[in-house]
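Working notes, beginning with the structure itself.
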Amino acid sequence: MRQGIKIGLIGGIIEVLLALVGMVEAFSQRYIISDVISMGQTLLLVVAMFTGYLAAKRTNRSEPLWVLANSLISGLIIGGLLSLLVILGSMVRLRAVFINASPDLFKLLTFNQGIGTGILLLLIFGTLSSSLSGLLFLSPSLLRGVLIRSLAGVAMAGLLQDLLRAIFAPWGPIAEINQWFFPINGLTVQGAVSLFILIAAISYFWRKSGSKMKTSLRRLPPTNQRVLRITSSFLLAVILLALPQILGLFLSEVLTIVGLFVLLGLGLNIVVGFAGLLDLGYVAFFAIGAYTVAVLTSPELGFLNLSFWGALPFAIVAGVVSGILLGIPVLKMRGDYLAIATLGFGEIIRILVLSDFLRPWLGGAQGIAKIPRPSIGSVEFATPQQIYYLILAGCLLAGFISWRLRDSRLGRAWMAVREDEDVAQAMGINLVAAKLLAFATGAGFSALSGAIFASKLGSVYPHSFSVMISINILCLIIVGGMGSIPGVIVGAIALVGLPELLREFAEYRLLVYGAALVAMMILRPEGLWPEAKRRQELHREEAPEIESASGAASGK
Amino acid sequence: MRQRWEESIKVTDILMWLIGAAILALIVSGSIATLAAGRYTSRHWFDFIIFGLAQGSIYALIAMGYTMVYGTLRMINFAHGEVFMSGPYTAYFVAASLNNSGFLDRQPIVSLLIVFIVSMATSTLIAVLLERVAYRPLRNAPRLVPLITAIGASFFLQYTFRGLYGSGFQAYPTVKILESPMVIGGFRILKFQAVVIGAAAFLMISLYTFIQRTRVGKAIRAVSEDKEVATLMGINIDRMIVTTFVIGGMAAGAAGVLYALMFKQVHFFMGFVPGIKAFTAAVLGGIGNIPGAMLGGIFLGLVESVGPSLFLDGLGIVAPYQLKDAIAFTLLVLVLIFRPTGILGERLAIKKA
């Protein structure tokens, strides 16, 4: 009972915060299911259900009635706290302090029904949603898995409707799918129901016979397996090449941004993920790459007027050299000192670029414009759909290099430095060389990304290179899984691609990033797609800790 | 192999000292050129110094929080700048309503006290919540984990406050009696600058006495000395850690109001740069060392306000004041390279490894 109250209070405070920060209202513009449930309501519902589930899970007694009572109480408290907010909002002008406590928010929270009925509805919905998830907790695991997966699938389909709609739109008869599922804003009711049944059926089938299929696949003769692997990678290549044509202009633009961040992430992954050197000034190399291209190519300053391809090697060399130069002073620093020193470097470079002092060379606050676009022969990379191929080539190159480096002698040296510097040194690893090479490689990738970024935009401004970019990249490699190459891609899609698709989200991007960093570190430090070795390590570390904890408990 | 390694470390060492010497030469030649040009009178320098002292004592108060948390937990509380921001931003609404009702003009001292209390209470609350939610579960995690968590918490707090209070600059109401200048020994000082310096000095002295003289202060020092032995002596570690967060939060909240008195505006991003600078101050004085943090803060404030005119003006650099943050960050990097133990540093850098 106490647990239910405590967890309910936490959940309720989170919901009130979500409402006051303005997320609920901002997200209400987009419907998950047309005219039935909006994204803002889904957000509240998800939190309530999660709270109810947690309350059920944390119950000390195993009788189903107690479990249910606990989740019910937590839901009641959530409803109660939201009602308190509504009552308070009707008595005091909360908006004087909390700018998002608008009449629209209260209308949303009371389901447009006035205070009395609204509060009743809030309480009912709170209790209902959390006790439902209490029931879900009590149901057998097969049913629970299938239900959770289908609910999540429907929510995702509603969330990504723009993406899915754009994918299906140009395919003639298949475009009919759009009409069935999402004609305007959100899924239709029949679309949601059929999607739910479809996912439920698939995941039921997978649960029942998925492992059997996997083993039969593994039992195939080696030649067949190779054919399978080659065809699947061929398919992947075809999809990657055709992607901008499938997705159209707007989504290709999103794709190029994701690609630039993948490139940046791959670079920082070498520095932070492989070598364990927390670099918070990573954006500096991005800026150096972009500015080298800008200074060398733009006719506005008129130094050299090189073409993009002429300037690109200089940009990468400038990145690598500055990586080494900024690496030398921090060689002896560890952990948090290194992080702060690199943060300082990043800021120094931004301030210098912004200053009037260097204006004749770097353009000051106005930046540098008129950067020519790259071209091969007579083909110019002008639209996002064309630039995509340039970025794809860069990503493939960087991905290939970091994949080969990871298992090389140098890669193993980096991991040794990451795990324990002193021991690595004792084993004969040249710390100076290993660290400098990590900084240099990472900086090179970053400069490449910066160079493409500059020519994609056609101009560079100091404001594009704030510390937020560093944090952004750090966030995506941590969410994806430190040291994992596919993790970088997953992280970039989740943290850069998704916010670009959901424009309402833009304002809350860093709020969610911050929360994600904290949550990942506490709940899942290995990331979404961890490197296999790292996962083992983290779980091996956990086991003895539990043992020693129980040992201490029994010792008392 | 070993010899080669030693050689390479020597080469980088020599390089570092060369860079250091070059920066020193720049500073000296710049200062001489500036003084020789005589563009600034002693009045100017005095104003710079007073401004630097006021700014520096604010840094010093924030730096106390960094240093104490580092002392007990051995982690950089990256989100401390946001603890600093949360107080004055919340107190702004109290100050504005006091101003609107005219109470601020009638009872300026009482109003200021109310604003201080609200700000300190908010900052303390945020600091304690931060410790409970984000840091306590990670007490024994690898070193990078709490730092990354702190960075996450920092951005979470910034943008939560942005969502709650809005993204614009809010103009802090001015206290009229503090706006006029006063004359001490022939020099003019703005009254609010004097108040900032005086209040900060009072707070620092009382905090220092608290740490040095009381039982709780002794317990905190014991925890930062050696956690295990402190436990054996019957000290509740968790409670002491929370106490350091409470003290750090109170100091940051007070510093926030002083900051608002000086710069007359609050913003959700206002904690970031002062936070990093206060960290610089803490490192300057030797992190984990409380008097060091005070000294470091004041030193940093002075360098930042005197530095641009003194070092850079003589070198013919346009608009040197734009580069004042660059000076602070360069100082940070230089200290981290050449003297990571700080001015008064205890040799923590070795102990922690």
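Just remember, in the structure tokens the first chain shown is A, the second B, etc., residues are 1-based per chain, and ligands are 1-based in the order shown.
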
Please provide the set of residues having any atom within 12 Å of B:Asn100, restricted to only C-alpha atoms, with same-chain residues fewer than 6 positions apart removed, written as a compact mmCIF listing (two decimals) with C-alpha atoms, in the first residue's frame.
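Result saved to around.txt:
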```
# COMPACT_ATOMS: atom_id res chain seq x y z
CA PHE B 93 8.24 36.16 -9.49
CA VAL B 94 8.22 37.04 -5.80
CA ARG B 106 8.66 50.87 1.10
CA TYR B 172 14.69 41.89 -12.32
CA PRO B 173 13.13 44.79 -10.44
CA THR B 174 15.74 47.24 -9.22
```

Inset, instruction - Could you please select, counting only C-alpha atoms, the residues of chain B within 6 Å of chain A and state them as number ranges by chain? - result: B: 149, 152-153, 155-156, 159, 163-165, 317-318, 326, 329, 333

Inset, instruction - Looking only at alpha helix (DSSP H) from DSSP on the backbone, list the matching residues of stretch 72-318 of chain B as an NGL selection string. - result: :B and (72-73 or 80-100 or 103-106 or 108-130 or 144-165 or 191-213 or 215-225 or 227-232 or 237-263 or 272-285 or 290-307)

Please provide as a PDB file with N, CA and C atoms, in the first residue's frame all residues within 9 Å of stretch 159-169 of chain A, with the sequence filter that same-chain residues fewer than 3 positions apart are discarded (counting only C-alpha atoms).
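Listed below is the output, out30.pdb:
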```
ATOM      1  N   ARG A  30      -1.265  16.802 -32.516  1.00  0.00           N
ATOM      2  CA  ARG A  30      -1.134  15.635 -33.375  1.00  0.00           C
ATOM      3  C   ARG A  30      -1.951  14.480 -32.791  1.00  0.00           C
ATOM      4  N   TYR A  31      -2.746  13.868 -33.636  1.00  0.00           N
ATOM      5  CA  TYR A  31      -3.565  12.769 -33.149  1.00  0.00           C
ATOM      6  C   TYR A  31      -2.878  11.436 -33.398  1.00  0.00           C
ATOM      7  N   ILE A  32      -2.958  10.553 -32.427  1.00  0.00           N
ATOM      8  CA  ILE A  32      -2.495   9.185 -32.645  1.00  0.00           C
ATOM      9  C   ILE A  32      -3.609   8.434 -33.364  1.00  0.00           C
ATOM     10  N   MET A  39      -1.563  12.892 -29.131  1.00  0.00           N
ATOM     11  CA  MET A  39      -0.254  12.513 -28.625  1.00  0.00           C
ATOM     12  C   MET A  39      -0.063  12.976 -27.185  1.00  0.00           C
ATOM     13  N   VAL A 154       0.946   0.321 -32.254  1.00  0.00           N
ATOM     14  CA  VAL A 154      -0.074   1.280 -32.701  1.00  0.00           C
ATOM     15  C   VAL A 154       0.380   2.696 -32.381  1.00  0.00           C
ATOM     16  N   ALA A 155       0.925   2.892 -31.165  1.00  0.00           N
ATOM     17  CA  ALA A 155       1.378   4.225 -30.783  1.00  0.00           C
ATOM     18  C   ALA A 155       2.480   4.704 -31.707  1.00  0.00           C
ATOM     19  N   MET A 156       3.429   3.811 -32.048  1.00  0.00           N
ATOM     20  CA  MET A 156       4.533   4.192 -32.927  1.00  0.00           C
ATOM     21  C   MET A 156       4.003   4.553 -34.310  1.00  0.00           C
ATOM     22  N   GLY A 172       1.192   3.958 -56.175  1.00  0.00           N
ATOM     23  CA  GLY A 172      -0.034   3.596 -56.874  1.00  0.00           C
ATOM     24  C   GLY A 172      -1.038   2.891 -55.979  1.00  0.00           C
ATOM     25  N   ILE A 174      -0.742   0.767 -53.662  1.00  0.00           N
ATOM     26  CA  ILE A 174      -0.431   0.641 -52.237  1.00  0.00           C
ATOM     27  C   ILE A 174      -0.818   1.912 -51.496  1.00  0.00           C
ATOM     28  N   ALA A 175      -0.871   3.020 -52.257  1.00  0.00           N
ATOM     29  CA  ALA A 175      -1.233   4.280 -51.622  1.00  0.00           C
ATOM     30  C   ALA A 175      -2.593   4.198 -50.947  1.00  0.00           C
ATOM     31  N   GLU A 176      -3.403   3.212 -51.393  1.00  0.00           N
ATOM     32  CA  GLU A 176      -4.703   2.990 -50.756  1.00  0.00           C
ATOM     33  C   GLU A 176      -4.548   2.732 -49.257  1.00  0.00           C
ATOM     34  N   ILE A 177      -3.396   2.145 -48.884  1.00  0.00           N
ATOM     35  CA  ILE A 177      -3.129   1.870 -47.469  1.00  0.00           C
ATOM     36  C   ILE A 177      -3.271   3.144 -46.654  1.00  0.00           C
ATOM     37  N   ASN A 178      -2.739   4.233 -47.207  1.00  0.00           N
ATOM     38  CA  ASN A 178      -2.829   5.502 -46.502  1.00  0.00           C
ATOM     39  C   ASN A 178      -4.267   5.846 -46.187  1.00  0.00           C
ATOM     40  N   PHE A 182      -4.279   6.181 -42.344  1.00  0.00           N
ATOM     41  CA  PHE A 182      -4.265   7.561 -41.850  1.00  0.00           C
ATOM     42  C   PHE A 182      -4.565   8.561 -42.955  1.00  0.00           C
ATOM     43  N   PRO A 183      -5.815   8.900 -43.142  1.00  0.00           N
ATOM     44  CA  PRO A 183      -6.168   9.861 -44.185  1.00  0.00           C
ATOM     45  C   PRO A 183      -5.639  11.267 -43.897  1.00  0.00           C
ATOM     46  N   ASN A 185      -5.016  13.234 -40.095  1.00  0.00           N
ATOM     47  CA  ASN A 185      -4.215  13.436 -38.887  1.00  0.00           C
ATOM     48  C   ASN A 185      -4.500  12.266 -37.947  1.00  0.00           C
ATOM     49  N   GLY A 186      -3.564  11.363 -37.838  1.00  0.00           N
ATOM     50  CA  GLY A 186      -3.743  10.236 -36.938  1.00  0.00           C
ATOM     51  C   GLY A 186      -4.331   9.029 -37.630  1.00  0.00           C
ATOM     52  N   LEU A 187      -4.284   7.907 -36.939  1.00  0.00           N
ATOM     53  CA  LEU A 187      -4.845   6.676 -37.478  1.00  0.00           C
ATOM     54  C   LEU A 187      -6.365   6.746 -37.443  1.00  0.00           C
ATOM     55  N   ILE A 246      12.667   7.126 -52.440  1.00  0.00           N
ATOM     56  CA  ILE A 246      11.446   6.631 -51.805  1.00  0.00           C
ATOM     57  C   ILE A 246      10.853   7.700 -50.899  1.00  0.00           C
ATOM     58  N   LEU A 247      11.723   8.389 -50.175  1.00  0.00           N
ATOM     59  CA  LEU A 247      11.243   9.234 -49.090  1.00  0.00           C
ATOM     60  C   LEU A 247      10.803  10.631 -49.525  1.00  0.00           C
ATOM     61  N   GLY A 248      11.323  11.107 -50.655  1.00  0.00           N
ATOM     62  CA  GLY A 248      10.923  12.447 -51.054  1.00  0.00           C
ATOM     63  C   GLY A 248      11.790  13.520 -50.431  1.00  0.00           C
ATOM     64  N   LEU A 251      11.824  14.382 -46.270  1.00  0.00           N
ATOM     65  CA  LEU A 251      12.420  13.320 -45.465  1.00  0.00           C
ATOM     66  C   LEU A 251      13.886  13.101 -45.833  1.00  0.00           C
ATOM     67  N   LEU A 498      14.062  11.465 -35.147  1.00  0.00           N
ATOM     68  CA  LEU A 498      12.714  11.537 -34.575  1.00  0.00           C
ATOM     69  C   LEU A 498      12.286  12.970 -34.272  1.00  0.00           C
ATOM     70  N   LEU A 501      11.248  14.790 -37.289  1.00  0.00           N
ATOM     71  CA  LEU A 501       9.940  14.382 -37.807  1.00  0.00           C
ATOM     72  C   LEU A 501       8.809  14.977 -36.997  1.00  0.00           C
ATOM     73  N   LEU A 502       9.004  15.072 -35.676  1.00  0.00           N
ATOM     74  CA  LEU A 502       7.947  15.604 -34.816  1.00  0.00           C
ATOM     75  C   LEU A 502       8.296  17.039 -34.478  1.00  0.00           C
TER      76      LEU A 502
END
```

Inset, instruction - Please identify all polymer residues within 10 Å of stretch 177-185 of chain B, counting only C-alpha atoms, omitting same-chain residues fewer than 6 positions from it, and present them as a list in words. - result: Asp105, Pro108, Ile109, Lys191, Phe192, Gln193, Ala194, Val195 and Leu261 of chain B

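Our summary of the geometry notes that atom CA of B:Ala255 is positioned 13.3 Å from atom CA of B:Tyr66.
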
Legend entry - Neighbour list for stretch 113-129 of chain B as a PyMOL selection string, cut-off 7 Å, only C-alpha atoms, skip fewer than 4 positions in-chain: chain B and resi 83-84+86-88+90-91+94-95+109+133+242+245-246+249-250+252-254+257

7 Å contact set for stretch 281-286 of chain B, only C-alpha atoms, chain neighbours under 4 positions out, as an mmCIF file with N, CA and C atoms, in the first residue's frame:
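As written to disk, selection24.cif reads:
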```cif
data_model
loop_
_atom_site.group_PDB
_atom_site.id
_atom_site.type_symbol
_atom_site.label_atom_id
_atom_site.label_comp_id
_atom_site.auth_asym_id
_atom_site.auth_seq_id
_atom_site.Cartn_x
_atom_site.Cartn_y
_atom_site.Cartn_z
ATOM 1 N N TYR B 59 31.205 34.202 -8.073
ATOM 2 C CA TYR B 59 31.830 32.944 -8.482
ATOM 3 C C TYR B 59 32.254 32.133 -7.264
ATOM 4 N N ALA B 60 32.803 32.830 -6.276
ATOM 5 C CA ALA B 60 33.318 32.127 -5.094
ATOM 6 C C ALA B 60 32.192 31.387 -4.391
ATOM 7 N N ALA B 63 31.299 28.426 -6.370
ATOM 8 C CA ALA B 63 32.399 27.460 -6.328
ATOM 9 C C ALA B 63 32.395 26.634 -5.047
ATOM 10 N N TYR B 66 30.600 23.433 -5.708
ATOM 11 C CA TYR B 66 31.396 22.483 -6.488
ATOM 12 C C TYR B 66 32.412 21.784 -5.600
ATOM 13 N N THR B 67 33.107 22.618 -4.830
ATOM 14 C CA THR B 67 34.217 22.096 -4.053
ATOM 15 C C THR B 67 33.738 21.146 -2.971
ATOM 16 N N LYS B 277 32.505 28.752 -14.969
ATOM 17 C CA LYS B 277 33.530 29.642 -14.423
ATOM 18 C C LYS B 277 33.747 29.374 -12.945
ATOM 19 N N GLY B 292 40.195 27.731 -0.674
ATOM 20 C CA GLY B 292 40.730 27.800 -2.036
ATOM 21 C C GLY B 292 39.666 28.234 -3.021
ATOM 22 N N ALA B 293 38.448 27.710 -2.860
ATOM 23 C CA ALA B 293 37.366 28.076 -3.780
ATOM 24 C C ALA B 293 37.063 29.566 -3.682
ATOM 25 N N LEU B 295 39.114 31.978 -2.686
ATOM 26 C CA LEU B 295 40.233 32.701 -3.270
ATOM 27 C C LEU B 295 40.199 32.610 -4.793
ATOM 28 N N GLY B 296 39.973 31.398 -5.278
ATOM 29 C CA GLY B 296 39.950 31.169 -6.728
ATOM 30 C C GLY B 296 38.867 31.989 -7.384
ATOM 31 N N GLY B 297 37.690 32.060 -6.759
ATOM 32 C CA GLY B 297 36.587 32.823 -7.328
ATOM 33 C C GLY B 297 36.950 34.282 -7.479
ATOM 34 N N LEU B 300 39.582 34.781 -10.161
ATOM 35 C CA LEU B 300 39.021 34.654 -11.515
ATOM 36 C C LEU B 300 38.232 35.903 -11.892
ATOM 37 N N VAL B 335 45.425 26.130 -15.883
ATOM 38 C CA VAL B 335 45.523 25.591 -14.520
ATOM 39 C C VAL B 335 45.447 24.072 -14.550
ATOM 40 N N THR B 341 46.405 20.787 -9.069
ATOM 41 C CA THR B 341 46.055 20.799 -7.649
ATOM 42 C C THR B 341 45.648 22.187 -7.188
ATOM 43 N N GLY B 342 45.779 23.199 -8.050
ATOM 44 C CA GLY B 342 45.306 24.528 -7.699
ATOM 45 C C GLY B 342 46.282 25.300 -6.829
ATOM 46 N N ILE B 343 45.862 26.516 -6.473
ATOM 47 C CA ILE B 343 46.756 27.389 -5.712
ATOM 48 C C ILE B 343 47.001 26.825 -4.320
ATOM 49 N N LEU B 344 45.901 26.519 -3.643
ATOM 50 C CA LEU B 344 46.037 26.014 -2.274
ATOM 51 C C LEU B 344 45.849 24.502 -2.227
ATOM 52 N N GLY B 345 45.994 23.854 -3.397
ATOM 53 C CA GLY B 345 45.516 22.483 -3.526
ATOM 54 C C GLY B 345 46.060 21.494 -2.521
ATOM 55 N N GLU B 346 45.152 20.697 -1.964
ATOM 56 C CA GLU B 346 45.593 19.489 -1.292
ATOM 57 C C GLU B 346 45.906 18.509 -2.396
#
```

Inset, instruction - Would you work out the distance separating atom CA of A:Ser102 from atom CA of A:Phe50, expressed in Å to one decimal? - result: 26.7 Å
